[in-house]
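Structure below is work_17.pdb: PDB, C-alpha atoms and all ligand atoms.
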ATOM      1  CA  MET A   1       0.000   0.000   0.000  1.00  0.00           C
ATOM      2  CA  LYS A   2       2.895   2.335   0.664  1.00  0.00           C
ATOM      3  CA  GLN A   3       3.661   2.518  -3.058  1.00  0.00           C
ATOM      4  CA  LEU A   4       0.300   4.045  -3.880  1.00  0.00           C
ATOM      5  CA  ILE A   5       1.185   7.497  -2.631  1.00  0.00           C
ATOM      6  CA  PRO A   6       4.380   8.036  -4.649  1.00  0.00           C
ATOM      7  CA  LEU A   7       2.719   6.618  -7.792  1.00  0.00           C
ATOM      8  CA  ALA A   8      -0.229   8.944  -7.355  1.00  0.00           C
ATOM      9  CA  LEU A   9       2.143  11.876  -6.907  1.00  0.00           C
ATOM     10  CA  LEU A  10       4.079  10.820 -10.000  1.00  0.00           C
ATOM     11  CA  ALA A  11       0.891  10.656 -12.070  1.00  0.00           C
ATOM     12  CA  PHE A  12      -0.085  14.081 -10.813  1.00  0.00           C
ATOM     13  CA  SER A  13       3.330  15.595 -11.592  1.00  0.00           C
ATOM     14  CA  LEU A  14       3.331  14.115 -15.119  1.00  0.00           C
ATOM     15  CA  THR A  15      -0.096  15.584 -15.792  1.00  0.00           C
ATOM     16  CA  ALA A  16       1.052  18.925 -14.435  1.00  0.00           C
ATOM     17  CA  ALA A  17       4.218  18.772 -16.542  1.00  0.00           C
ATOM     18  CA  ALA A  18       2.230  18.148 -19.727  1.00  0.00           C
ATOM     19  CA  ALA A  19      -0.097  20.995 -18.940  1.00  0.00           C
ATOM     20  CA  ASP A  20       2.820  23.319 -18.318  1.00  0.00           C
ATOM     21  CA  GLY A  21       4.245  22.752 -21.781  1.00  0.00           C
ATOM     22  CA  VAL A  22       7.416  21.136 -20.492  1.00  0.00           C
ATOM     23  CA  ASN A  23       9.832  19.769 -23.076  1.00  0.00           C
ATOM     24  CA  LEU A  24       9.758  15.947 -22.841  1.00  0.00           C
ATOM     25  CA  VAL A  25      13.079  15.550 -24.673  1.00  0.00           C
ATOM     26  CA  LYS A  26      16.152  14.954 -22.527  1.00  0.00           C
ATOM     27  CA  ASN A  27      19.427  16.580 -23.555  1.00  0.00           C
ATOM     28  CA  PRO A  28      17.448  18.493 -26.222  1.00  0.00           C
ATOM     29  CA  GLY A  29      20.349  20.646 -27.372  1.00  0.00           C
ATOM     30  CA  PHE A  30      23.145  18.030 -27.205  1.00  0.00           C
ATOM     31  CA  GLU A  31      24.870  20.089 -24.508  1.00  0.00           C
ATOM     32  CA  GLU A  32      25.467  16.910 -22.485  1.00  0.00           C
ATOM     33  CA  ASP A  33      26.383  13.368 -23.494  1.00  0.00           C
ATOM     34  CA  GLY A  34      23.779  10.623 -23.624  1.00  0.00           C
ATOM     35  CA  SER A  35      20.011  10.195 -24.049  1.00  0.00           C
ATOM     36  CA  TRP A  36      20.315   9.731 -27.854  1.00  0.00           C
ATOM     37  CA  THR A  37      20.945   6.381 -29.566  1.00  0.00           C
ATOM     38  CA  ILE A  38      21.930   5.231 -33.052  1.00  0.00           C
ATOM     39  CA  TRP A  39      19.112   3.173 -34.586  1.00  0.00           C
ATOM     40  CA  GLY A  40      18.048   1.606 -37.873  1.00  0.00           C
ATOM     41  CA  THR A  41      21.515   0.359 -38.715  1.00  0.00           C
ATOM     42  CA  HIS A  42      22.462  -2.999 -40.139  1.00  0.00           C
ATOM     43  CA  LYS A  43      24.735  -5.567 -38.564  1.00  0.00           C
ATOM     44  CA  HIS A  44      27.441  -5.022 -41.163  1.00  0.00           C
ATOM     45  CA  PHE A  45      27.792  -1.341 -40.236  1.00  0.00           C
ATOM     46  CA  GLY A  46      31.031  -1.149 -38.246  1.00  0.00           C
ATOM     47  CA  ASP A  47      31.308   0.857 -35.020  1.00  0.00           C
ATOM     48  CA  GLU A  48      33.603   3.347 -36.728  1.00  0.00           C
ATOM     49  CA  ASP A  49      31.048   3.905 -39.474  1.00  0.00           C
ATOM     50  CA  LYS A  50      28.266   4.227 -36.960  1.00  0.00           C
ATOM     51  CA  ALA A  51      30.168   7.029 -35.217  1.00  0.00           C
ATOM     52  CA  THR A  52      29.658   9.245 -38.285  1.00  0.00           C
ATOM     53  CA  LEU A  53      25.918   8.893 -37.716  1.00  0.00           C
ATOM     54  CA  MET A  54      26.049  10.683 -34.388  1.00  0.00           C
ATOM     55  CA  THR A  55      28.833  13.214 -33.961  1.00  0.00           C
ATOM     56  CA  ILE A  56      28.472  15.890 -31.311  1.00  0.00           C
ATOM     57  CA  VAL A  57      30.074  19.073 -32.574  1.00  0.00           C
ATOM     58  CA  ALA A  58      31.232  21.877 -30.290  1.00  0.00           C
ATOM     59  CA  ALA A  59      31.997  24.771 -32.604  1.00  0.00           C
ATOM     60  CA  GLY A  60      30.671  28.083 -33.836  1.00  0.00           C
ATOM     61  CA  ASP A  61      27.524  28.247 -35.941  1.00  0.00           C
ATOM     62  CA  THR A  62      25.446  26.721 -33.157  1.00  0.00           C
ATOM     63  CA  PRO A  63      21.816  27.839 -32.989  1.00  0.00           C
ATOM     64  CA  GLU A  64      21.428  26.874 -29.310  1.00  0.00           C
ATOM     65  CA  GLY A  65      24.057  26.486 -26.596  1.00  0.00           C
ATOM     66  CA  LYS A  66      27.555  25.356 -27.514  1.00  0.00           C
ATOM     67  CA  ARG A  67      27.011  21.991 -29.185  1.00  0.00           C
ATOM     68  CA  TYR A  68      24.855  20.381 -31.864  1.00  0.00           C
ATOM     69  CA  LEU A  69      24.397  16.985 -33.511  1.00  0.00           C
ATOM     70  CA  LYS A  70      26.002  16.248 -36.863  1.00  0.00           C
ATOM     71  CA  SER A  71      24.433  13.182 -38.445  1.00  0.00           C
ATOM     72  CA  ALA A  72      25.554  11.531 -41.681  1.00  0.00           C
ATOM     73  CA  ASP A  73      23.944   8.719 -43.669  1.00  0.00           C
ATOM     74  CA  THR A  74      26.757   7.529 -45.942  1.00  0.00           C
ATOM     75  CA  TRP A  75      25.146   4.169 -46.824  1.00  0.00           C
ATOM     76  CA  GLU A  76      23.363   3.366 -50.070  1.00  0.00           C
ATOM     77  CA  ASP A  77      21.935   0.172 -48.536  1.00  0.00           C
ATOM     78  CA  GLY A  78      20.432   1.533 -45.334  1.00  0.00           C
ATOM     79  CA  ARG A  79      18.578   4.387 -43.704  1.00  0.00           C
ATOM     80  CA  PRO A  80      19.998   4.731 -40.206  1.00  0.00           C
ATOM     81  CA  TYR A  81      18.896   7.429 -37.813  1.00  0.00           C
ATOM     82  CA  ILE A  82      19.129   8.740 -34.246  1.00  0.00           C
ATOM     83  CA  VAL A  83      16.430   8.132 -31.637  1.00  0.00           C
ATOM     84  CA  GLN A  84      15.502   9.041 -28.108  1.00  0.00           C
ATOM     85  CA  PHE A  85      12.965   6.819 -26.343  1.00  0.00           C
ATOM     86  CA  ILE A  86      10.463   8.527 -24.062  1.00  0.00           C
ATOM     87  CA  GLU A  87       8.172   6.417 -21.904  1.00  0.00           C
ATOM     88  CA  MET A  88       4.671   7.890 -21.871  1.00  0.00           C
ATOM     89  CA  PRO A  89       2.536   6.658 -18.952  1.00  0.00           C
ATOM     90  CA  GLN A  90      -0.157   9.034 -20.193  1.00  0.00           C
ATOM     91  CA  VAL A  91      -0.452  10.175 -23.797  1.00  0.00           C
ATOM     92  CA  ALA A  92      -2.047  13.547 -24.485  1.00  0.00           C
ATOM     93  CA  LYS A  93      -4.288  14.133 -27.504  1.00  0.00           C
ATOM     94  CA  SER A  94      -1.609  15.987 -29.428  1.00  0.00           C
ATOM     95  CA  TYR A  95       1.975  17.203 -29.308  1.00  0.00           C
ATOM     96  CA  VAL A  96       4.162  19.619 -31.196  1.00  0.00           C
ATOM     97  CA  MET A  97       7.752  18.738 -32.011  1.00  0.00           C
ATOM     98  CA  LYS A  98      10.082  21.566 -32.995  1.00  0.00           C
ATOM     99  CA  PHE A  99      13.726  21.366 -33.929  1.00  0.00           C
ATOM    100  CA  LYS A 100      16.429  23.279 -35.730  1.00  0.00           C
ATOM    101  CA  ALA A 101      18.288  21.694 -38.614  1.00  0.00           C
ATOM    102  CA  LYS A 102      20.808  22.697 -41.225  1.00  0.00           C
ATOM    103  CA  ALA A 103      20.708  20.526 -44.332  1.00  0.00           C
ATOM    104  CA  PRO A 104      22.185  21.167 -47.770  1.00  0.00           C
ATOM    105  CA  GLU A 105      19.846  23.138 -50.012  1.00  0.00           C
ATOM    106  CA  ASN A 106      17.075  21.089 -51.630  1.00  0.00           C
ATOM    107  CA  THR A 107      18.091  17.834 -49.945  1.00  0.00           C
ATOM    108  CA  GLY A 108      15.618  15.706 -48.014  1.00  0.00           C
ATOM    109  CA  PHE A 109      15.813  14.541 -44.415  1.00  0.00           C
ATOM    110  CA  ARG A 110      13.294  13.340 -41.805  1.00  0.00           C
ATOM    111  CA  ALA A 111      12.292  13.994 -38.228  1.00  0.00           C
ATOM    112  CA  GLY A 112       9.332  13.037 -36.086  1.00  0.00           C
ATOM    113  CA  VAL A 113       8.132  10.357 -33.707  1.00  0.00           C
ATOM    114  CA  MET A 114       7.624   6.584 -33.907  1.00  0.00           C
ATOM    115  CA  TYR A 115       4.804   5.277 -31.730  1.00  0.00           C
ATOM    116  CA  ASN A 116       5.513   2.053 -29.859  1.00  0.00           C
ATOM    117  CA  LYS A 117       3.722  -0.049 -27.263  1.00  0.00           C
ATOM    118  CA  GLY A 118       4.829  -2.538 -24.663  1.00  0.00           C
ATOM    119  CA  THR A 119       7.856  -2.556 -22.426  1.00  0.00           C
ATOM    120  CA  LEU A 120      10.939  -0.841 -23.748  1.00  0.00           C
ATOM    121  CA  GLY A 121      13.760  -3.392 -24.075  1.00  0.00           C
ATOM    122  CA  ASP A 122      11.424  -6.417 -23.985  1.00  0.00           C
ATOM    123  CA  PRO A 123      11.078  -7.830 -27.527  1.00  0.00           C
ATOM    124  CA  LYS A 124       8.171 -10.061 -26.389  1.00  0.00           C
ATOM    125  CA  THR A 125       5.884  -7.114 -25.683  1.00  0.00           C
ATOM    126  CA  TYR A 126       7.477  -4.213 -27.536  1.00  0.00           C
ATOM    127  CA  ALA A 127       5.928  -3.352 -30.890  1.00  0.00           C
ATOM    128  CA  PHE A 128       5.794  -0.566 -33.434  1.00  0.00           C
ATOM    129  CA  VAL A 129       2.263   0.802 -33.850  1.00  0.00           C
ATOM    130  CA  GLY A 130       2.679   3.832 -36.107  1.00  0.00           C
ATOM    131  CA  ASN A 131       4.625   6.973 -36.799  1.00  0.00           C
ATOM    132  CA  ARG A 132       4.620  10.557 -37.943  1.00  0.00           C
ATOM    133  CA  ILE A 133       7.952  11.257 -39.622  1.00  0.00           C
ATOM    134  CA  PRO A 134       7.653  13.789 -42.465  1.00  0.00           C
ATOM    135  CA  VAL A 135      10.356  14.521 -45.018  1.00  0.00           C
ATOM    136  CA  PHE A 136      11.738  18.067 -44.850  1.00  0.00           C
ATOM    137  CA  THR A 137      13.807  20.016 -47.351  1.00  0.00           C
ATOM    138  CA  GLY A 138      17.071  21.728 -46.451  1.00  0.00           C
ATOM    139  CA  THR A 139      17.815  25.376 -47.170  1.00  0.00           C
ATOM    140  CA  GLY A 140      21.576  25.367 -46.580  1.00  0.00           C
ATOM    141  CA  GLU A 141      21.008  27.395 -43.370  1.00  0.00           C
ATOM    142  CA  TRP A 142      19.825  26.649 -39.848  1.00  0.00           C
ATOM    143  CA  LYS A 143      16.039  26.685 -39.849  1.00  0.00           C
ATOM    144  CA  GLU A 144      13.300  25.756 -37.356  1.00  0.00           C
ATOM    145  CA  TYR A 145      10.964  22.961 -38.432  1.00  0.00           C
ATOM    146  CA  THR A 146       7.701  21.796 -36.835  1.00  0.00           C
ATOM    147  CA  VAL A 147       5.952  18.409 -36.702  1.00  0.00           C
ATOM    148  CA  LYS A 148       2.374  18.274 -35.415  1.00  0.00           C
ATOM    149  CA  LEU A 149       1.527  14.965 -33.746  1.00  0.00           C
ATOM    150  CA  ASP A 150      -2.105  13.971 -33.458  1.00  0.00           C
ATOM    151  CA  ASN A 151      -4.195  10.874 -34.151  1.00  0.00           C
ATOM    152  CA  ILE A 152      -1.632   9.002 -32.063  1.00  0.00           C
ATOM    153  CA  ASN A 153      -2.162   5.256 -32.433  1.00  0.00           C
ATOM    154  CA  ALA A 154      -4.079   3.506 -29.662  1.00  0.00           C
ATOM    155  CA  GLY A 155      -1.928   1.628 -27.172  1.00  0.00           C
ATOM    156  CA  THR A 156       1.111   3.892 -27.621  1.00  0.00           C
ATOM    157  CA  ASN A 157       3.134   4.142 -24.424  1.00  0.00           C
ATOM    158  CA  VAL A 158       6.631   4.824 -25.756  1.00  0.00           C
ATOM    159  CA  PHE A 159       7.596   7.629 -28.122  1.00  0.00           C
ATOM    160  CA  ALA A 160      10.797   7.319 -30.149  1.00  0.00           C
ATOM    161  CA  VAL A 161      11.890  10.768 -31.275  1.00  0.00           C
ATOM    162  CA  VAL A 162      13.573  10.286 -34.670  1.00  0.00           C
ATOM    163  CA  LEU A 163      16.238  12.461 -36.291  1.00  0.00           C
ATOM    164  CA  ALA A 164      17.136  11.039 -39.717  1.00  0.00           C
ATOM    165  CA  PRO A 165      19.755  12.659 -41.957  1.00  0.00           C
ATOM    166  CA  SER A 166      18.212  11.278 -45.157  1.00  0.00           C
ATOM    167  CA  THR A 167      14.869  10.356 -46.688  1.00  0.00           C
ATOM    168  CA  ALA A 168      13.311   6.893 -46.366  1.00  0.00           C
ATOM    169  CA  GLU A 169      14.979   5.840 -49.650  1.00  0.00           C
ATOM    170  CA  LYS A 170      17.796   3.519 -48.620  1.00  0.00           C
ATOM    171  CA  THR A 171      20.035   4.720 -51.484  1.00  0.00           C
ATOM    172  CA  ASP A 172      19.786   8.322 -50.281  1.00  0.00           C
ATOM    173  CA  THR A 173      22.802   9.813 -48.472  1.00  0.00           C
ATOM    174  CA  ASN A 174      23.091  13.165 -46.697  1.00  0.00           C
ATOM    175  CA  THR A 175      24.683  15.019 -43.786  1.00  0.00           C
ATOM    176  CA  VAL A 176      22.408  17.119 -41.549  1.00  0.00           C
ATOM    177  CA  LEU A 177      22.976  19.169 -38.391  1.00  0.00           C
ATOM    178  CA  PHE A 178      20.300  19.092 -35.650  1.00  0.00           C
ATOM    179  CA  ASP A 179      19.844  21.135 -32.468  1.00  0.00           C
ATOM    180  CA  ASP A 180      17.267  22.414 -29.972  1.00  0.00           C
ATOM    181  CA  ILE A 181      14.745  19.557 -30.147  1.00  0.00           C
ATOM    182  CA  SER A 182      11.462  19.983 -28.269  1.00  0.00           C
ATOM    183  CA  LEU A 183       8.361  17.860 -27.824  1.00  0.00           C
ATOM    184  CA  VAL A 184       5.518  19.458 -25.922  1.00  0.00           C
ATOM    185  CA  ALA A 185       1.950  18.378 -25.250  1.00  0.00           C
ATOM    186  CA  GLU A 186      -0.693  20.848 -26.354  1.00  0.00           C
TER     187      GLU A 186
HETATM  188 CA    CA A 201      22.878  22.921 -28.654  1.00  0.00          CA
HETATM  189 CA    CA A 202      21.109   5.708 -47.033  1.00  0.00          CA
END
Take the structure in the file and write it out as structure tokens.
Ligand SMILES: [Ca+2]
Ligand SMILES: [Ca+2]
Amino acid sequence: MKQLIPLALLAFSLTAAAADGVNLVKNPGFEEDGSWTIWGTHKHFGDEDKATLMTIVAAGDTPEGKRYLKSADTWEDGRPYIVQFIEMPQVAKSYVMKFKAKAPENTGFRAGVMYNKGTLGDPKTYAFVGNRIPVFTGTGEWKEYTVKLDNINAGTNVFAVVLAPSTAEKTDTNTVLFDDISLVAE
């Protein structure tokens, strides 16, 4: 019975957080290490190759803070990307994801959210149930992009925030910079 109180408080604080427009993304500006994971790769991609997928750059030309993510898809036989998993005990009706990206002019890249259900890390229960990952077009400059998330698939209890440096075409290759990612209930 003792557990009921902290769980109730947790549920209350999560509801309050959503209502307050809190950013659900951890390490949203890549100012720290961690929270983001390489995903969608194939077994034959070596660790050294994978490193080019997720390079944290600390240099000028940063739209937020001191660091940003540089992500490269150099493979013509795969469409790897970066994810952050967010467990969602309660899912609101809709969310807005915003991020800044710098992609070469007129090249395509993707960002959005995959909807999953089950227990993260347990292949027996974990399953993909849908997504909202539009293709965007680069301008050659840093630009803010927006993804509206609604009609979220029933049963979703884990969001995977996706940052993909190329389109869904496996043969596509590209290098894209990302920073200042936010995901807020509305
Ligand atoms: Ca940053
Ligand atoms: Ca590719």
_Point (20.9, 18.0, -23.4), cut-off 12 Å, counting all atoms listed in the file, residues as an MDAnalysis selection string_ = chainID A and resid 23:36 56 64:69 84 179:182
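Residue nearest A:Thr137 within the list A:Ser71, A:Thr171, A:Asn106, A:Thr62: A:Asn106 [criterion: smallest interatomic distance, only C-alpha atoms].
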Which centre and which edge lengths, in Å to one decimal, describe the axis-aligned box that holds all listed atoms of stretch 44-51 of chain A after 6 Å is added on each side, as JSON?
{"center_x": 30.5, "center_y": 1.0, "center_z": -38.1, "size_x": 18.2, "size_y": 24.1, "size_z": 18.1}
_Distance of atom CA of A:Tyr81 from atom CA of A:Gly46, expressed in Å to one decimal place_ =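 Rounded to one decimal, the two atoms are 14.9 Å apart.
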*Which of these, A:Gly21, A:Gly108, A:Gly40, A:Pro80, has the shortest distance to ligand CA 202 (chain A) once you count only C-alpha atoms and all ligand atoms?*
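That would be A:Pro80, the residue with the smallest distance to ligand CA 202 (chain A).
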*Environment of ligand CA 202 (chain A) within 8 Å, counting all atoms listed in the file, reported as a PyMOL selection string*: chain A and resi 73-80+166-174
